[in-house]
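Participant: Dumping the structure here so I can ask a few things about it.
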Amino acid sequence: MQARVRALETILTEKGLVDPQALDRIVDAFERKIGPRNGARIVARAWSDSAFRARLLADATEAANSMGFSSPVGAHLIAVENTPETHNLVVCTLCSCYPWEVLGLPPVWYKSAPYRSRAVIEPRAVLAEFGVALPPDTRIRVWDSTAETRFLVIPMRPPGTQGWSEERLAALVTRDSMIGTGLAKRP
Ligand code: FE
């Protein structure tokens with residue numbers, strides 16, 4: 001796949017159809033500027049503003065786009081909230097559908113066949129491999145992304161963060177915590 005991508009990029013560049021520097025800037029934007037910091041800012045706002053949290057759970061596309069990000073959410077975005085009772089985990093069993101606009105580029109493992117099948121068959125074992133051990137009575141709910149529907153997990157707010165600013169809270173929100181394969185960092 002990498003060789004094919006390189007060959008395609010070379011041909012398109014030679015024909016003058018793409019500018020490699022522009023491509024680098026687009027990839028860089030998705031890797032470092034857009035994702036996953038946009039998602040983290042959304043989660044941090046949901047943690048600190050209950051009206052925004054309600055709006056996010058009602059219509060995540062609308063709530064995310066209200067934050068004025070440079071790359072608006074196109075597909076239907078659904079926010080699912082972790083609680084002590086239920087932990088949410090996101091996968092795309094068919095391919096690699098992922099909320100790019102809020103999380104940036106998907107990690108390699110997200111696109112791998114083992115993750116895509118095992119997240120559904122044995123989510124608890126997959127979570128353990130990511131270092132996430134949930135209480136045995138916590139229910140795990142797995143969400144299967146599609147081309148039309150993407151999911152954003154709102155991780156539980158870590159204890160000891162009362163009164164924190166949104167900016168400070170956002171630093172605790174990891175990419176994996178918004179996929180469900182991780183938890184928010186402890187302060
Ligand atoms: Fe997909």
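FYI, nothing fancy with the structure tokens labels: chains A, B, ... in order, residues from 1 per chain, ligands from 1 as they appear.
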Within 9 Å of ligand 1 (counting only C-alpha atoms and all ligand atoms), which residues show up? I'd like them as a VMD selection string.
Facilitator: chain A and resid 91 to 98 111 144 to 147
Participant: Dump all heavy atoms for the selected residues as a tab-separated table (two decimals), in the first residue's frame?
Facilitator:
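Result saved to part.tsv:
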```tsv
chain	number	residue	atom	x	y	z
A	91	VAL	N	-15.30	1.42	16.80
A	91	VAL	CA	-14.58	0.63	15.81
A	91	VAL	C	-15.23	0.90	14.47
A	91	VAL	O	-16.35	1.44	14.41
A	91	VAL	CB	-14.65	-0.88	16.19
A	91	VAL	CG1	-16.08	-1.40	16.13
A	91	VAL	CG2	-13.74	-1.73	15.32
A	92	CYS	N	-14.52	0.57	13.37
A	92	CYS	CA	-15.20	0.47	12.09
A	92	CYS	C	-14.90	-0.94	11.62
A	92	CYS	O	-13.77	-1.22	11.20
A	92	CYS	CB	-14.68	1.49	11.07
A	92	CYS	SG	-15.46	1.25	9.46
A	93	THR	N	-15.86	-1.83	11.72
A	93	THR	CA	-15.60	-3.24	11.40
A	93	THR	C	-15.37	-3.43	9.91
A	93	THR	O	-14.67	-4.34	9.50
A	93	THR	CB	-16.78	-4.13	11.85
A	93	THR	OG1	-17.98	-3.64	11.25
A	93	THR	CG2	-16.93	-4.14	13.35
A	94	LEU	N	-15.95	-2.56	9.10
A	94	LEU	CA	-15.87	-2.73	7.65
A	94	LEU	C	-14.55	-2.19	7.07
A	94	LEU	O	-13.95	-2.79	6.21
A	94	LEU	CB	-17.05	-2.00	7.01
A	94	LEU	CG	-17.45	-2.41	5.61
A	94	LEU	CD1	-17.85	-3.87	5.59
A	94	LEU	CD2	-18.60	-1.54	5.12
A	95	CYS	N	-14.13	-1.01	7.54
A	95	CYS	CA	-12.91	-0.41	6.97
A	95	CYS	C	-12.23	0.46	8.01
A	95	CYS	O	-11.60	-0.07	8.92
A	95	CYS	CB	-13.24	0.35	5.69
A	95	CYS	SG	-14.71	1.39	5.77
A	96	SER	N	-12.33	1.76	7.91
A	96	SER	CA	-11.58	2.62	8.83
A	96	SER	C	-12.28	3.95	9.07
A	96	SER	O	-11.63	4.95	9.30
A	96	SER	CB	-10.19	2.87	8.26
A	96	SER	OG	-10.32	3.47	6.98
A	97	CYS	N	-13.63	3.97	9.01
A	97	CYS	CA	-14.35	5.23	9.20
A	97	CYS	C	-14.01	5.81	10.57
A	97	CYS	O	-13.99	5.11	11.57
A	97	CYS	CB	-15.85	5.00	9.08
A	97	CYS	SG	-16.29	4.35	7.45
A	98	TYR	N	-13.77	7.11	10.58
A	98	TYR	CA	-13.17	7.77	11.75
A	98	TYR	C	-13.55	9.25	11.70
A	98	TYR	O	-13.60	9.84	10.62
A	98	TYR	CB	-11.65	7.59	11.62
A	98	TYR	CG	-10.81	7.96	12.80
A	98	TYR	CD1	-10.77	7.15	13.94
A	98	TYR	CD2	-10.01	9.11	12.76
A	98	TYR	CE1	-9.95	7.49	15.01
A	98	TYR	CE2	-9.19	9.44	13.83
A	98	TYR	CZ	-9.16	8.62	14.95
A	98	TYR	OH	-8.34	8.94	16.00
A	111	LYS	N	-7.13	0.79	11.95
A	111	LYS	CA	-7.43	0.26	10.62
A	111	LYS	C	-7.06	-1.22	10.49
A	111	LYS	O	-7.32	-1.82	9.46
A	111	LYS	CB	-6.65	1.08	9.56
A	111	LYS	CG	-7.02	2.55	9.57
A	111	LYS	CD	-6.29	3.32	8.49
A	111	LYS	CE	-4.98	3.88	9.00
A	111	LYS	NZ	-4.31	4.76	8.03
A	144	ASP	N	-20.21	0.73	15.92
A	144	ASP	CA	-19.61	0.46	14.61
A	144	ASP	C	-19.82	1.66	13.69
A	144	ASP	O	-20.95	1.98	13.32
A	144	ASP	CB	-20.26	-0.80	14.02
A	144	ASP	CG	-19.47	-1.36	12.85
A	144	ASP	OD1	-18.43	-0.77	12.50
A	144	ASP	OD2	-19.90	-2.39	12.30
A	145	SER	N	-18.72	2.33	13.35
A	145	SER	CA	-18.80	3.51	12.49
A	145	SER	C	-19.15	3.11	11.06
A	145	SER	O	-18.87	2.00	10.63
A	145	SER	CB	-17.44	4.21	12.44
A	145	SER	OG	-16.95	4.43	13.72
A	146	THR	N	-19.74	4.04	10.35
A	146	THR	CA	-20.03	3.83	8.94
A	146	THR	C	-19.61	5.07	8.18
A	146	THR	O	-19.17	6.06	8.78
A	146	THR	CB	-21.52	3.60	8.68
A	146	THR	OG1	-22.20	4.84	8.94
A	146	THR	CG2	-22.09	2.51	9.56
A	147	ALA	N	-19.77	5.02	6.87
A	147	ALA	CA	-19.42	6.19	6.05
A	147	ALA	C	-20.27	7.40	6.44
A	147	ALA	O	-19.84	8.53	6.31
A	147	ALA	CB	-19.60	5.86	4.58
```
Participant: Sorted by chain and rising residue number, list the residues of region 96-145 of chain A at most 8 Å from region 70-86 of chain A (counting only C-alpha atoms), each with its closest atom pair and distance in Å to one decimal, as CSV.
Facilitator:
```
residue,atom,partner,partner_atom,distance
A:Pro99,CA,A:Leu77,CA,7.5
A:Glu101,CA,A:Val73,CA,5.6
A:Val102,CA,A:Val73,CA,7.5
A:Asp137,CA,A:Glu85,CA,7.3
A:Thr138,CA,A:Glu85,CA,4.9
A:Arg139,CA,A:Thr86,CA,4.7
A:Ile140,CA,A:Thr86,CA,5.8
A:Arg141,CA,A:Thr86,CA,6.8
```
Participant: Just N, CA and C atoms for this one: save the residues we selected as a JSON list (two decimals), in the first residue's frame.
Facilitator:
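Saved result, selection.json, follows:
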```json
[["chain", "number", "residue", "atom", "x", "y", "z"],
["A", 99, "PRO", "N", -13.79, 9.88, 12.84],
["A", 99, "PRO", "CA", -14.16, 11.30, 12.81],
["A", 99, "PRO", "C", -12.94, 12.21, 12.63],
["A", 101, "GLU", "N", -12.46, 15.11, 11.43],
["A", 101, "GLU", "CA", -12.54, 16.54, 11.72],
["A", 101, "GLU", "C", -12.32, 16.84, 13.20],
["A", 102, "VAL", "N", -12.57, 15.85, 14.05],
["A", 102, "VAL", "CA", -12.36, 16.10, 15.48],
["A", 102, "VAL", "C", -11.17, 15.33, 16.05],
["A", 137, "ASP", "N", -18.43, -5.12, 36.49],
["A", 137, "ASP", "CA", -19.85, -4.83, 36.24],
["A", 137, "ASP", "C", -20.06, -3.62, 35.32],
["A", 138, "THR", "N", -18.98, -3.04, 34.82],
["A", 138, "THR", "CA", -19.16, -1.97, 33.83],
["A", 138, "THR", "C", -19.48, -2.60, 32.48],
["A", 139, "ARG", "N", -20.57, -2.14, 31.89],
["A", 139, "ARG", "CA", -21.00, -2.66, 30.59],
["A", 139, "ARG", "C", -20.16, -2.01, 29.50],
["A", 140, "ILE", "N", -19.76, -2.77, 28.50],
["A", 140, "ILE", "CA", -19.02, -2.19, 27.38],
["A", 140, "ILE", "C", -19.93, -2.16, 26.17],
["A", 141, "ARG", "N", -20.09, -0.97, 25.62],
["A", 141, "ARG", "CA", -20.93, -0.83, 24.45],
["A", 141, "ARG", "C", -20.05, -0.49, 23.25]]
```
Participant: Extract the full set of strand (DSSP E) residues from region 60-163 of chain A according to DSSP on the backbone, and format it as a list in words.
Facilitator: His76, Leu77, Ile78, Ala79, Val80, Glu81, Thr86, His87, Asn88, Leu89, Val90, Val91, Arg139, Ile140, Arg141, Val142, Trp143, Asp144, Thr149, Arg150, Phe151, Leu152, Val153 and Ile154 of chain A
Participant: Please produce a file of those selected residues containing C-alpha atoms, as a PDB file, in the first residue's frame.
Facilitator:
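Saved as part-v5.pdb:
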```
ATOM      1  CA  HIS A  76     -23.213  12.693  11.108  1.00  0.00           C
ATOM      2  CA  LEU A  77     -21.302  12.809  14.396  1.00  0.00           C
ATOM      3  CA  ILE A  78     -22.700  11.119  17.505  1.00  0.00           C
ATOM      4  CA  ALA A  79     -21.265  11.703  20.980  1.00  0.00           C
ATOM      5  CA  VAL A  80     -21.488   8.846  23.467  1.00  0.00           C
ATOM      6  CA  GLU A  81     -20.726   9.399  27.125  1.00  0.00           C
ATOM      7  CA  THR A  86     -21.230   2.017  30.660  1.00  0.00           C
ATOM      8  CA  HIS A  87     -17.977   2.292  28.742  1.00  0.00           C
ATOM      9  CA  ASN A  88     -18.163   3.085  25.024  1.00  0.00           C
ATOM     10  CA  LEU A  89     -15.736   1.751  22.424  1.00  0.00           C
ATOM     11  CA  VAL A  90     -15.625   2.774  18.754  1.00  0.00           C
ATOM     12  CA  VAL A  91     -14.577   0.634  15.815  1.00  0.00           C
ATOM     13  CA  ARG A 139     -20.999  -2.665  30.590  1.00  0.00           C
ATOM     14  CA  ILE A 140     -19.016  -2.192  27.382  1.00  0.00           C
ATOM     15  CA  ARG A 141     -20.934  -0.833  24.446  1.00  0.00           C
ATOM     16  CA  VAL A 142     -19.272  -1.112  21.018  1.00  0.00           C
ATOM     17  CA  TRP A 143     -20.238   1.321  18.263  1.00  0.00           C
ATOM     18  CA  ASP A 144     -19.612   0.462  14.612  1.00  0.00           C
ATOM     19  CA  THR A 149     -22.058   7.983  11.040  1.00  0.00           C
ATOM     20  CA  ARG A 150     -19.004   8.706  13.207  1.00  0.00           C
ATOM     21  CA  PHE A 151     -18.681   8.478  16.976  1.00  0.00           C
ATOM     22  CA  LEU A 152     -16.891  10.551  19.596  1.00  0.00           C
ATOM     23  CA  VAL A 153     -16.520   9.106  23.087  1.00  0.00           C
ATOM     24  CA  ILE A 154     -16.790  11.555  25.972  1.00  0.00           C
TER      25      ILE A 154
END
```
Participant: When you count only C-alpha atoms, which of these residues is closest to Ala64 (chain A): A:Thr174, A:Ser50, A:Ser117, A:Asn38?
Facilitator: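 So, comparing all the options, the nearest one is A:Asn38.
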